[in-house]
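Engineer: Handing you a structure now.
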Amino acid sequence: MTPTPRLLADSPTGLDRHQSVLVLDFGSQFTQLIARRLRESGVFCEIHPPTVSAEDIESRRPIGLILSGGPQSVYDSDATLFDPRLFHLGIPILGICYGMQLIARELGGRVEGAARREYGRAEIDVSVDSPLFQGLAERQVVWMSHGDSVQRVPDGFSTCASTENSSTVAFEDLDRGIFGIQFHPEVSHTTEGTSILNNFLFRICEASGDWSMTSYLDEAVMALQRVSAGRQVLCALSGGVDSSVV
């Protein structure tokens, strides 16, 4: 695995003052939406490639990690993987779809192609004893998008949600704080999705919700003024709307 350049633990934006959750992007079309949901809940979030090293992640001192979904199968020869040392950092981890399957594969579970691909609306039955589903309904509507499924959970894990088609659509290892869900909580079609993410943030990661876009703008402006004082600054834009709002 070739590591990416080191992340800036001493970021000039001053965002290291806030709690943060890091999302590793495995190519899901919903990765940006995951980040948006977390920020809407008052928790700062950064998206990074899955090749980022355990040392780089540890230097950021995140309170949680989320492994996104993705279009691949974990048993493909060219499947996108991640640094397995992340499991030993003591940071809560939530795997979503492909991310859940990666957790299962890396920790000794079994992932296989499902007899029937699941795409769209589904109903799941959950264990409300799980901190991920605490306070929520025992039956929920979720949004599925996968062709593989976890056939055997890794040692130390227990199943905490199922459907008629699959005995395991969510699992957990409470001792290590590792969770996986086969569906997408970030999309509006998952009726309890925001609550599930908030349970991960506030019950499991113990987030304080200390971030807002307003504070980010204020801190970023002050930090850039401090760093650039007395210097010339070059800002290159692509010309699109997203970049020109810089």
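Residues in the structure tokens are numbered from 1 in each chain, the chains being A, B, ... in the order shown, and ligands are numbered from 1 in the order shown.
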Could you find all residues in region 43-231 of chain A that DSSP calls alpha helix (DSSP H) from the backbone, and write them as a VMD selection string?
Structural biologist: chain A and resid 54 to 60 98 to 106 193 to 198 213 to 228
Engineer: Let's have the selection written as a PDB file, in the first residue's frame, with C-alpha atoms.
Structural biologist:
```pdb
ATOM      1  CA  ALA A  54      -2.962   4.784  10.369  1.00  0.00           C
ATOM      2  CA  GLU A  55      -0.263   7.230  11.494  1.00  0.00           C
ATOM      3  CA  ASP A  56      -1.825  10.057   9.494  1.00  0.00           C
ATOM      4  CA  ILE A  57      -5.261   9.343  10.902  1.00  0.00           C
ATOM      5  CA  GLU A  58      -3.956   9.120  14.446  1.00  0.00           C
ATOM      6  CA  SER A  59      -2.251  12.488  14.014  1.00  0.00           C
ATOM      7  CA  ARG A  60      -5.644  14.068  13.383  1.00  0.00           C
ATOM      8  CA  TYR A  98     -18.823  -1.741   1.120  1.00  0.00           C
ATOM      9  CA  GLY A  99     -17.233  -0.424   4.309  1.00  0.00           C
ATOM     10  CA  MET A 100     -19.108  -3.035   6.345  1.00  0.00           C
ATOM     11  CA  GLN A 101     -18.022  -5.777   3.968  1.00  0.00           C
ATOM     12  CA  LEU A 102     -14.393  -4.656   4.230  1.00  0.00           C
ATOM     13  CA  ILE A 103     -14.587  -4.873   8.008  1.00  0.00           C
ATOM     14  CA  ALA A 104     -15.968  -8.400   7.727  1.00  0.00           C
ATOM     15  CA  ARG A 105     -13.285  -9.460   5.265  1.00  0.00           C
ATOM     16  CA  GLU A 106     -10.352  -7.918   7.147  1.00  0.00           C
ATOM     17  CA  GLY A 193     -30.877   7.418   8.974  1.00  0.00           C
ATOM     18  CA  THR A 194     -30.066  10.700  10.694  1.00  0.00           C
ATOM     19  CA  SER A 195     -30.849   9.178  14.093  1.00  0.00           C
ATOM     20  CA  ILE A 196     -28.565   6.214  13.364  1.00  0.00           C
ATOM     21  CA  LEU A 197     -25.713   8.533  12.427  1.00  0.00           C
ATOM     22  CA  ASN A 198     -26.394  10.645  15.510  1.00  0.00           C
ATOM     23  CA  MET A 213     -20.326  26.443   9.457  1.00  0.00           C
ATOM     24  CA  THR A 214     -20.354  29.939  10.944  1.00  0.00           C
ATOM     25  CA  SER A 215     -17.519  29.108  13.321  1.00  0.00           C
ATOM     26  CA  TYR A 216     -15.609  27.453  10.481  1.00  0.00           C
ATOM     27  CA  LEU A 217     -15.818  30.553   8.305  1.00  0.00           C
ATOM     28  CA  ASP A 218     -14.725  32.830  11.129  1.00  0.00           C
ATOM     29  CA  GLU A 219     -11.810  30.608  12.117  1.00  0.00           C
ATOM     30  CA  ALA A 220     -10.701  30.003   8.528  1.00  0.00           C
ATOM     31  CA  VAL A 221     -10.672  33.724   7.730  1.00  0.00           C
ATOM     32  CA  MET A 222      -8.691  34.579  10.872  1.00  0.00           C
ATOM     33  CA  ALA A 223      -6.244  31.739  10.302  1.00  0.00           C
ATOM     34  CA  LEU A 224      -5.627  32.727   6.675  1.00  0.00           C
ATOM     35  CA  GLN A 225      -5.135  36.353   7.681  1.00  0.00           C
ATOM     36  CA  ARG A 226      -2.612  35.247  10.287  1.00  0.00           C
ATOM     37  CA  VAL A 227      -0.704  32.925   7.941  1.00  0.00           C
ATOM     38  CA  SER A 228      -0.700  35.304   4.955  1.00  0.00           C
TER      39      SER A 228
END
```
Engineer: Give me, as a ChimeraX atom specification, the residues of region 9-190 of chain A that a backbone DSSP run labels strand (DSSP E).
Structural biologist: /A:20-24,44-48,64-67,93-96,110-126,139-152,158-162,170-173,178-181
Engineer: How many Å lie between CA of Phe183 (chain A) and CA of Trp143 (chain A), rounded to one decimal?
Structural biologist: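 Answer for the CA of Phe183 (chain A) to CA of Trp143 (chain A) separation: 5.6 Å.
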Engineer: Which neighbours of Leu86 (chain A) fall inside 12 Å, counting only C-alpha atoms, when residues of the same chain fewer than 2 positions from it are skipped, and could you give them as a count of residues only?
Structural biologist: 33
Engineer: Kindly indicate which residue among A:Glu40, A:Gly156, A:Asn199, A:Val23 lies nearest to Val128 (chain A), using only C-alpha atoms for the distances.
Structural biologist: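 When distances to Val128 (chain A) are compared using only C-alpha atoms, the smallest one comes from A:Asn199.
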